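Participant: Here's a structure for you.
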Amino acid sequence: MPRPFVVGNWKMHKTVAEARALATAVRDGVRDFGDIDVAVAPPFTALAAVGEILKGSEVGLAGQTMHEAGKGAFTGEISPAMLRDAGCSHVILGHSERRHLFGETDQAVMKKARAALDHSLTPILCVGETLQERETSRTFDVVERQTEHALRHVTPEEAARSVVAYEPVWAIGTGKTASPEQAQEVHIFIRKLVARSHGDGVARAIRILYGGSVKPDNASSLIAEPDVDGALVGGACLEAPSFLGIVAASRT
Ligand code: 13P
């Protein structure tokens, strides 16, 4: 079993001062949890401040998105090197909000995954179907296409260190969580895709997180599924007690 991993995606929340307070509470709260990996993804404006707070701690720092180019005329974008410079170890790529609200394509996610790994950033590759796709029995097709693109130019060794997050779009911010059985059936499907593309050893090592209305009271039943290796948390990560509750519930 891979070591559990819980990531808080702060999305477009928290001023720098608020981010400092939350990061401090998370850092101090997970201090005794030796058997789980934790990371937070603050907005860009708070990355450097949170990076200072987390330096030397066990909590990882993640960007919420990234441009694939090294530098250049890309107004509003952030490069892999800039994320590294701010202290990031991870970057969330292909989040459904990036895909559906900002037009991020499978091809773009593919390039970003490659660029992240080239800069020693661990990609957290998000995949997941919309409600309409689920209702028209396209869940597995969509997840296959997104996963296959995201890992296409990733070597087996790199894939083993990467993270996939299954986030059904209909469960994000809606309070409607996938049932543990619904999550498990997609997670094992993803693991089989990875086995096919990168080998059985990689499929066993890669961490597959579930995201979509994870709360302290449903985290343990989700993580209890054999192929759910952790959680990517939105709303419930914005307050330290609920995020720490999810971290505690995800320890195996
Ligand atoms: P919620 O936990 O608010 O549903 O958000 C999930 C998510 O999108 C994490 O990336």
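Identifiers in this document derive from the order of the structure tokens: chains are assigned A, B, ..., residues are numbered from 1 separately in each chain, and ligands are numbered from 1 in order of occurrence.
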Using only C-alpha atoms and all ligand atoms, which residues have at least one atom no more than 9 Å from ligand 1? Output them as a PDB file with N, CA, C and O atoms, in the first residue's frame.
Facilitator:
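See part17.pdb below for the written result:
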```
ATOM      1  N   VAL A   7      -3.987  16.295   0.411  1.00  0.00           N
ATOM      2  CA  VAL A   7      -3.613  17.606  -0.130  1.00  0.00           C
ATOM      3  C   VAL A   7      -4.785  18.557   0.038  1.00  0.00           C
ATOM      4  O   VAL A   7      -5.929  18.212  -0.281  1.00  0.00           O
ATOM      5  N   GLY A   8      -4.506  19.747   0.524  1.00  0.00           N
ATOM      6  CA  GLY A   8      -5.531  20.790   0.634  1.00  0.00           C
ATOM      7  C   GLY A   8      -5.377  21.783  -0.502  1.00  0.00           C
ATOM      8  O   GLY A   8      -4.335  22.435  -0.614  1.00  0.00           O
ATOM      9  N   ASN A   9      -6.401  21.872  -1.332  1.00  0.00           N
ATOM     10  CA  ASN A   9      -6.400  22.825  -2.443  1.00  0.00           C
ATOM     11  C   ASN A   9      -7.191  24.048  -2.007  1.00  0.00           C
ATOM     12  O   ASN A   9      -8.416  24.002  -1.926  1.00  0.00           O
ATOM     13  N   TRP A  10      -6.469  25.106  -1.714  1.00  0.00           N
ATOM     14  CA  TRP A  10      -7.116  26.310  -1.160  1.00  0.00           C
ATOM     15  C   TRP A  10      -7.869  27.114  -2.220  1.00  0.00           C
ATOM     16  O   TRP A  10      -8.569  28.069  -1.883  1.00  0.00           O
ATOM     17  N   LYS A  11      -7.673  26.766  -3.478  1.00  0.00           N
ATOM     18  CA  LYS A  11      -8.342  27.472  -4.588  1.00  0.00           C
ATOM     19  C   LYS A  11      -8.146  28.993  -4.432  1.00  0.00           C
ATOM     20  O   LYS A  11      -7.076  29.423  -4.032  1.00  0.00           O
ATOM     21  N   GLN A  64      -1.221  25.506  -7.686  1.00  0.00           N
ATOM     22  CA  GLN A  64      -2.551  25.028  -8.119  1.00  0.00           C
ATOM     23  C   GLN A  64      -2.616  24.808  -9.624  1.00  0.00           C
ATOM     24  O   GLN A  64      -3.534  24.158 -10.127  1.00  0.00           O
ATOM     25  N   ILE A  92      -0.530  20.939  -8.723  1.00  0.00           N
ATOM     26  CA  ILE A  92      -1.795  20.359  -9.181  1.00  0.00           C
ATOM     27  C   ILE A  92      -1.940  20.708 -10.662  1.00  0.00           C
ATOM     28  O   ILE A  92      -1.798  21.871 -11.046  1.00  0.00           O
ATOM     29  N   HIS A  95      -6.720  20.384 -12.997  1.00  0.00           N
ATOM     30  CA  HIS A  95      -7.907  20.416 -12.127  1.00  0.00           C
ATOM     31  C   HIS A  95      -9.144  20.691 -12.993  1.00  0.00           C
ATOM     32  O   HIS A  95      -9.063  21.435 -13.969  1.00  0.00           O
ATOM     33  N   SER A  96     -10.271  20.133 -12.616  1.00  0.00           N
ATOM     34  CA  SER A  96     -11.463  20.287 -13.470  1.00  0.00           C
ATOM     35  C   SER A  96     -11.861  21.750 -13.625  1.00  0.00           C
ATOM     36  O   SER A  96     -12.406  22.139 -14.656  1.00  0.00           O
ATOM     37  N   GLU A  97     -11.557  22.587 -12.597  1.00  0.00           N
ATOM     38  CA  GLU A  97     -11.872  24.011 -12.758  1.00  0.00           C
ATOM     39  C   GLU A  97     -10.978  24.636 -13.827  1.00  0.00           C
ATOM     40  O   GLU A  97     -11.413  25.511 -14.573  1.00  0.00           O
ATOM     41  N   CYS A 126      -5.085  15.693 -12.187  1.00  0.00           N
ATOM     42  CA  CYS A 126      -6.507  15.537 -11.887  1.00  0.00           C
ATOM     43  C   CYS A 126      -7.269  15.024 -13.104  1.00  0.00           C
ATOM     44  O   CYS A 126      -7.073  15.507 -14.229  1.00  0.00           O
ATOM     45  N   ALA A 165      -5.251  12.308  -9.195  1.00  0.00           N
ATOM     46  CA  ALA A 165      -6.400  12.608  -8.321  1.00  0.00           C
ATOM     47  C   ALA A 165      -7.669  12.404  -9.128  1.00  0.00           C
ATOM     48  O   ALA A 165      -7.879  13.085 -10.141  1.00  0.00           O
ATOM     49  N   GLU A 167     -11.255  13.187  -9.408  1.00  0.00           N
ATOM     50  CA  GLU A 167     -12.219  14.157  -8.870  1.00  0.00           C
ATOM     51  C   GLU A 167     -13.429  14.207  -9.795  1.00  0.00           C
ATOM     52  O   GLU A 167     -13.408  14.946 -10.793  1.00  0.00           O
ATOM     53  N   PRO A 168     -14.463  13.445  -9.482  1.00  0.00           N
ATOM     54  CA  PRO A 168     -15.666  13.547 -10.303  1.00  0.00           C
ATOM     55  C   PRO A 168     -16.221  14.964 -10.206  1.00  0.00           C
ATOM     56  O   PRO A 168     -16.420  15.475  -9.102  1.00  0.00           O
ATOM     57  N   VAL A 169     -16.426  15.603 -11.343  1.00  0.00           N
ATOM     58  CA  VAL A 169     -16.783  17.027 -11.341  1.00  0.00           C
ATOM     59  C   VAL A 169     -18.085  17.258 -10.579  1.00  0.00           C
ATOM     60  O   VAL A 169     -18.247  18.268  -9.885  1.00  0.00           O
ATOM     61  N   TRP A 170     -19.001  16.305 -10.650  1.00  0.00           N
ATOM     62  CA  TRP A 170     -20.308  16.440  -9.990  1.00  0.00           C
ATOM     63  C   TRP A 170     -20.185  16.376  -8.470  1.00  0.00           C
ATOM     64  O   TRP A 170     -21.145  16.688  -7.761  1.00  0.00           O
ATOM     65  N   ALA A 171     -19.047  15.985  -7.973  1.00  0.00           N
ATOM     66  CA  ALA A 171     -18.868  15.885  -6.517  1.00  0.00           C
ATOM     67  C   ALA A 171     -18.085  17.063  -5.950  1.00  0.00           C
ATOM     68  O   ALA A 171     -17.951  17.187  -4.738  1.00  0.00           O
ATOM     69  N   ILE A 172     -17.585  17.943  -6.823  1.00  0.00           N
ATOM     70  CA  ILE A 172     -16.726  19.037  -6.356  1.00  0.00           C
ATOM     71  C   ILE A 172     -17.579  20.214  -5.890  1.00  0.00           C
ATOM     72  O   ILE A 172     -18.352  20.770  -6.670  1.00  0.00           O
ATOM     73  N   GLY A 173     -17.445  20.531  -4.618  1.00  0.00           N
ATOM     74  CA  GLY A 173     -18.116  21.699  -4.064  1.00  0.00           C
ATOM     75  C   GLY A 173     -19.626  21.561  -3.988  1.00  0.00           C
ATOM     76  O   GLY A 173     -20.343  22.533  -3.767  1.00  0.00           O
ATOM     77  N   THR A 174     -20.130  20.356  -4.173  1.00  0.00           N
ATOM     78  CA  THR A 174     -21.576  20.149  -4.215  1.00  0.00           C
ATOM     79  C   THR A 174     -22.096  19.496  -2.948  1.00  0.00           C
ATOM     80  O   THR A 174     -23.306  19.419  -2.747  1.00  0.00           O
ATOM     81  N   GLY A 175     -21.181  18.970  -2.115  1.00  0.00           N
ATOM     82  CA  GLY A 175     -21.612  18.212  -0.945  1.00  0.00           C
ATOM     83  C   GLY A 175     -22.019  16.790  -1.312  1.00  0.00           C
ATOM     84  O   GLY A 175     -22.410  15.997  -0.463  1.00  0.00           O
ATOM     85  N   LYS A 176     -21.956  16.480  -2.608  1.00  0.00           N
ATOM     86  CA  LYS A 176     -22.324  15.138  -3.085  1.00  0.00           C
ATOM     87  C   LYS A 176     -21.044  14.334  -3.270  1.00  0.00           C
ATOM     88  O   LYS A 176     -20.339  14.502  -4.260  1.00  0.00           O
ATOM     89  N   THR A 177     -20.708  13.513  -2.309  1.00  0.00           N
ATOM     90  CA  THR A 177     -19.477  12.726  -2.425  1.00  0.00           C
ATOM     91  C   THR A 177     -19.761  11.463  -3.228  1.00  0.00           C
ATOM     92  O   THR A 177     -20.849  10.906  -3.128  1.00  0.00           O
ATOM     93  N   TYR A 210      -8.602  10.629  -3.999  1.00  0.00           N
ATOM     94  CA  TYR A 210      -9.986  10.954  -4.341  1.00  0.00           C
ATOM     95  C   TYR A 210     -10.260  12.405  -3.926  1.00  0.00           C
ATOM     96  O   TYR A 210      -9.839  12.836  -2.835  1.00  0.00           O
ATOM     97  N   GLY A 211     -10.977  13.131  -4.769  1.00  0.00           N
ATOM     98  CA  GLY A 211     -11.385  14.490  -4.417  1.00  0.00           C
ATOM     99  C   GLY A 211     -12.836  14.736  -4.799  1.00  0.00           C
ATOM    100  O   GLY A 211     -13.310  14.228  -5.828  1.00  0.00           O
ATOM    101  N   GLY A 212     -13.522  15.519  -3.991  1.00  0.00           N
ATOM    102  CA  GLY A 212     -14.931  15.835  -4.259  1.00  0.00           C
ATOM    103  C   GLY A 212     -15.716  15.714  -2.978  1.00  0.00           C
ATOM    104  O   GLY A 212     -16.110  14.615  -2.584  1.00  0.00           O
ATOM    105  N   SER A 213     -15.881  16.869  -2.284  1.00  0.00           N
ATOM    106  CA  SER A 213     -16.662  16.921  -1.037  1.00  0.00           C
ATOM    107  C   SER A 213     -16.155  15.958   0.032  1.00  0.00           C
ATOM    108  O   SER A 213     -16.957  15.346   0.756  1.00  0.00           O
ATOM    109  N   VAL A 214     -14.841  15.829   0.138  1.00  0.00           N
ATOM    110  CA  VAL A 214     -14.273  15.038   1.246  1.00  0.00           C
ATOM    111  C   VAL A 214     -14.384  15.870   2.519  1.00  0.00           C
ATOM    112  O   VAL A 214     -14.073  17.065   2.529  1.00  0.00           O
ATOM    113  N   LYS A 215     -14.880  15.228   3.580  1.00  0.00           N
ATOM    114  CA  LYS A 215     -15.068  15.881   4.879  1.00  0.00           C
ATOM    115  C   LYS A 215     -14.498  14.965   5.962  1.00  0.00           C
ATOM    116  O   LYS A 215     -14.265  13.779   5.704  1.00  0.00           O
ATOM    117  N   ALA A 231      -6.564  11.892  -0.242  1.00  0.00           N
ATOM    118  CA  ALA A 231      -7.634  12.823  -0.612  1.00  0.00           C
ATOM    119  C   ALA A 231      -7.081  14.147  -1.109  1.00  0.00           C
ATOM    120  O   ALA A 231      -6.046  14.625  -0.627  1.00  0.00           O
ATOM    121  N   LEU A 232      -7.786  14.718  -2.082  1.00  0.00           N
ATOM    122  CA  LEU A 232      -7.540  16.095  -2.518  1.00  0.00           C
ATOM    123  C   LEU A 232      -8.772  16.879  -2.058  1.00  0.00           C
ATOM    124  O   LEU A 232      -9.881  16.641  -2.518  1.00  0.00           O
ATOM    125  N   VAL A 233      -8.530  17.776  -1.127  1.00  0.00           N
ATOM    126  CA  VAL A 233      -9.632  18.407  -0.386  1.00  0.00           C
ATOM    127  C   VAL A 233      -9.785  19.861  -0.799  1.00  0.00           C
ATOM    128  O   VAL A 233      -8.791  20.599  -0.870  1.00  0.00           O
ATOM    129  N   GLY A 234     -11.009  20.298  -1.044  1.00  0.00           N
ATOM    130  CA  GLY A 234     -11.285  21.705  -1.354  1.00  0.00           C
ATOM    131  C   GLY A 234     -11.843  22.417  -0.127  1.00  0.00           C
ATOM    132  O   GLY A 234     -11.119  22.762   0.804  1.00  0.00           O
ATOM    133  N   GLY A 235     -13.157  22.580  -0.099  1.00  0.00           N
ATOM    134  CA  GLY A 235     -13.807  23.379   0.938  1.00  0.00           C
ATOM    135  C   GLY A 235     -13.383  23.062   2.367  1.00  0.00           C
ATOM    136  O   GLY A 235     -13.150  23.968   3.169  1.00  0.00           O
ATOM    137  N   ALA A 236     -13.254  21.773   2.657  1.00  0.00           N
ATOM    138  CA  ALA A 236     -12.959  21.377   4.046  1.00  0.00           C
ATOM    139  C   ALA A 236     -11.497  21.595   4.440  1.00  0.00           C
ATOM    140  O   ALA A 236     -11.125  21.315   5.584  1.00  0.00           O
ATOM    141  N   CYS A 237     -10.672  22.105   3.506  1.00  0.00           N
ATOM    142  CA  CYS A 237      -9.267  22.358   3.898  1.00  0.00           C
ATOM    143  C   CYS A 237      -9.058  23.808   4.309  1.00  0.00           C
ATOM    144  O   CYS A 237      -7.954  24.199   4.679  1.00  0.00           O
TER     145      CYS A 237
END
```
Participant: Need to verify the contact set: Val154 of chain A, 12 Å, only C-alpha atoms, exclusion of same-chain residues closer than 4 positions in sequence. Can you return it as a short mmCIF file (atom, residue, chain, number, x, y, z; two decimals) with N, CA and C atoms, in the first residue's frame?
Facilitator:
```
data_model
loop_
_atom_site.label_atom_id
_atom_site.label_comp_id
_atom_site.auth_asym_id
_atom_site.auth_seq_id
_atom_site.Cartn_x
_atom_site.Cartn_y
_atom_site.Cartn_z
N VAL A 109 -2.28 19.57 -20.43
CA VAL A 109 -1.93 18.85 -19.19
C VAL A 109 -0.74 17.93 -19.45
N MET A 110 -0.72 17.33 -20.62
CA MET A 110 0.40 16.45 -21.00
C MET A 110 1.73 17.23 -20.98
N LYS A 111 1.72 18.42 -21.57
CA LYS A 111 2.95 19.24 -21.60
C LYS A 111 3.33 19.71 -20.21
N LYS A 112 2.34 20.08 -19.43
CA LYS A 112 2.62 20.58 -18.08
C LYS A 112 3.19 19.48 -17.20
N ALA A 113 2.69 18.26 -17.36
CA ALA A 113 3.22 17.16 -16.55
C ALA A 113 4.70 16.95 -16.85
N ARG A 114 5.02 17.00 -18.12
CA ARG A 114 6.43 16.83 -18.51
C ARG A 114 7.28 17.97 -17.92
N ALA A 115 6.79 19.19 -18.05
CA ALA A 115 7.54 20.36 -17.56
C ALA A 115 7.71 20.30 -16.04
N ALA A 116 6.67 19.87 -15.34
CA ALA A 116 6.76 19.78 -13.88
C ALA A 116 7.88 18.81 -13.49
N LEU A 117 7.86 17.63 -14.09
CA LEU A 117 8.88 16.63 -13.74
C LEU A 117 10.28 17.10 -14.12
N ASP A 118 10.39 17.83 -15.21
CA ASP A 118 11.70 18.37 -15.61
C ASP A 118 12.23 19.36 -14.58
N THR A 122 6.52 17.34 -8.27
CA THR A 122 5.67 16.16 -8.39
C THR A 122 4.29 16.59 -8.88
N PRO A 123 3.87 16.09 -10.03
CA PRO A 123 2.54 16.49 -10.52
C PRO A 123 1.42 15.73 -9.81
N LEU A 125 -2.07 14.94 -10.87
CA LEU A 125 -2.76 14.98 -12.15
C LEU A 125 -4.25 14.69 -11.94
N THR A 147 -6.20 10.38 -18.23
CA THR A 147 -5.06 9.74 -17.57
C THR A 147 -3.97 9.41 -18.59
N GLU A 148 -4.41 8.90 -19.72
CA GLU A 148 -3.44 8.49 -20.75
C GLU A 148 -2.66 9.70 -21.23
N HIS A 149 -3.35 10.81 -21.47
CA HIS A 149 -2.63 12.02 -21.91
C HIS A 149 -1.68 12.51 -20.83
N ALA A 150 -2.17 12.57 -19.61
CA ALA A 150 -1.36 13.15 -18.53
C ALA A 150 -0.05 12.40 -18.35
N GLU A 158 9.29 8.04 -13.22
CA GLU A 158 8.62 9.30 -12.86
C GLU A 158 7.15 9.07 -12.50
N ALA A 159 6.52 8.16 -13.24
CA ALA A 159 5.09 7.89 -12.97
C ALA A 159 4.92 7.30 -11.57
N ALA A 160 5.87 6.48 -11.16
CA ALA A 160 5.77 5.86 -9.83
C ALA A 160 5.75 6.92 -8.73
N ARG A 161 6.38 8.07 -8.98
CA ARG A 161 6.45 9.15 -7.97
C ARG A 161 5.32 10.16 -8.16
N SER A 162 4.58 10.03 -9.25
CA SER A 162 3.53 11.01 -9.53
C SER A 162 2.25 10.65 -8.79
N VAL A 163 1.31 11.56 -8.85
CA VAL A 163 0.04 11.38 -8.13
C VAL A 163 -1.09 11.63 -9.13
N VAL A 194 -2.63 2.45 -15.60
CA VAL A 194 -1.21 2.71 -15.34
C VAL A 194 -0.40 1.41 -15.50
N SER A 197 0.11 0.98 -19.20
CA SER A 197 1.02 1.92 -19.87
C SER A 197 2.42 1.92 -19.26
N HIS A 198 2.55 1.67 -17.95
CA HIS A 198 3.84 1.85 -17.29
C HIS A 198 4.30 0.64 -16.48
N VAL A 202 4.80 0.13 -11.23
CA VAL A 202 4.43 1.55 -11.21
C VAL A 202 2.98 1.69 -10.74
#
```
Participant: Find the residue from A:Ala240, A:Val228, A:Leu151, A:Leu209 that sits nearest to Arg196 of chain A; use only C-alpha atoms when measuring.
Facilitator: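 Answer, going by the shortest atom-to-atom distance: A:Leu151.
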Participant: Taking only C-alpha atoms into account, name the residue in A:Phe33, A:Val164, A:Pro156, A:Gly60 that is nearest to Gly94 of chain A.
Facilitator: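 For Gly94 of chain A, the nearest of the given residues is A:Val164.
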Participant: Got a sec: who's within 7 Å of Val6 of chain A, counting only C-alpha atoms, leaving out chain neighbours fewer than 4 positions off, as a list in words?
Facilitator: Asp37, Val38, Ala39, Gly230, Ala231, Leu232 and Val247 of chain A
Participant: Do you know which residues are at most 12 Å from Glu185 of chain A counting only C-alpha atoms, after dropping those on the same chain fewer than 6 positions away, and could you put them as a list in words?
Facilitator: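 The neighbour list is Thr139, Phe140, Val143, Tyr166, Ala178, Ser179, Arg191, Lys192, Tyr210, Leu222, Glu225, Pro226, Asp227 and Val228 of chain A.
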Participant: Which residues in segment 9-211 of chain A does DSSP call helix (DSSP H, G or I)? List them as a PyMOL selection string.
Facilitator: chain A and resi 16-29+44-54+80-85+96-102+106-118+131-135+139-150+156-161+169-171+180-198+200-205
Participant: So which bits of segment 15-174 of chain A end up strand (DSSP E or B) when you DSSP the backbone, as a ChimeraX atom specification?
Facilitator: /A:37-41,59-63,90-93,122-127,163-166
Participant: Include C-alpha atoms and write out the residues we just selected as a short mmCIF file (atom, residue, chain, number, x, y, z; two decimals), in the first residue's frame.
Facilitator:
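New file selection04.cif:
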```cif
data_model
loop_
_atom_site.label_atom_id
_atom_site.label_comp_id
_atom_site.auth_asym_id
_atom_site.auth_seq_id
_atom_site.Cartn_x
_atom_site.Cartn_y
_atom_site.Cartn_z
CA ASP A 37 2.11 12.78 3.71
CA VAL A 38 0.38 16.17 3.67
CA ALA A 39 0.60 19.14 1.31
CA VAL A 40 -1.20 22.44 0.86
CA ALA A 41 -1.82 24.42 -2.32
CA VAL A 59 4.10 19.55 4.96
CA GLY A 60 4.63 19.90 1.23
CA LEU A 61 3.79 23.00 -0.79
CA ALA A 62 1.95 22.81 -4.11
CA GLY A 63 1.05 25.20 -6.89
CA HIS A 90 4.22 19.63 -5.95
CA VAL A 91 1.87 21.12 -8.51
CA ILE A 92 -1.80 20.36 -9.18
CA LEU A 93 -2.36 19.97 -12.92
CA THR A 122 5.67 16.16 -8.39
CA PRO A 123 2.54 16.49 -10.52
CA ILE A 124 -0.88 15.86 -8.98
CA LEU A 125 -2.76 14.98 -12.15
CA CYS A 126 -6.51 15.54 -11.89
CA VAL A 127 -8.99 13.51 -13.88
CA VAL A 163 0.04 11.38 -8.13
CA VAL A 164 -3.31 11.03 -9.87
CA ALA A 165 -6.40 12.61 -8.32
CA TYR A 166 -9.79 11.28 -9.33
#
```
Participant: Which one of A:Arg20, A:Ala248, A:Val50, A:Met82 sits closest to Glu68 of chain A if you count only C-alpha atoms?
Facilitator: A:Met82
Participant: With only C-alpha atoms as the atoms that count, which of A:His119, A:Arg27, A:His100, A:Arg3 lies nearest to Gly70 of chain A?
Facilitator: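 Closest to Gly70 of chain A of all the choices is A:His119.
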Participant: What is the atom CA of Leu121 of chain A to atom CA of Asn218 of chain A distance in Å?
Facilitator: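 Result for atom CA of Leu121 of chain A versus atom CA of Asn218 of chain A: 29.6 Å, one decimal.
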Participant: Take atom CA of Ala249 of chain A and atom CA of Glu129 of chain A and report the distance between them in Å, one decimal.
Facilitator: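 Separation of atom CA of Ala249 of chain A and atom CA of Glu129 of chain A: 26.0 Å.
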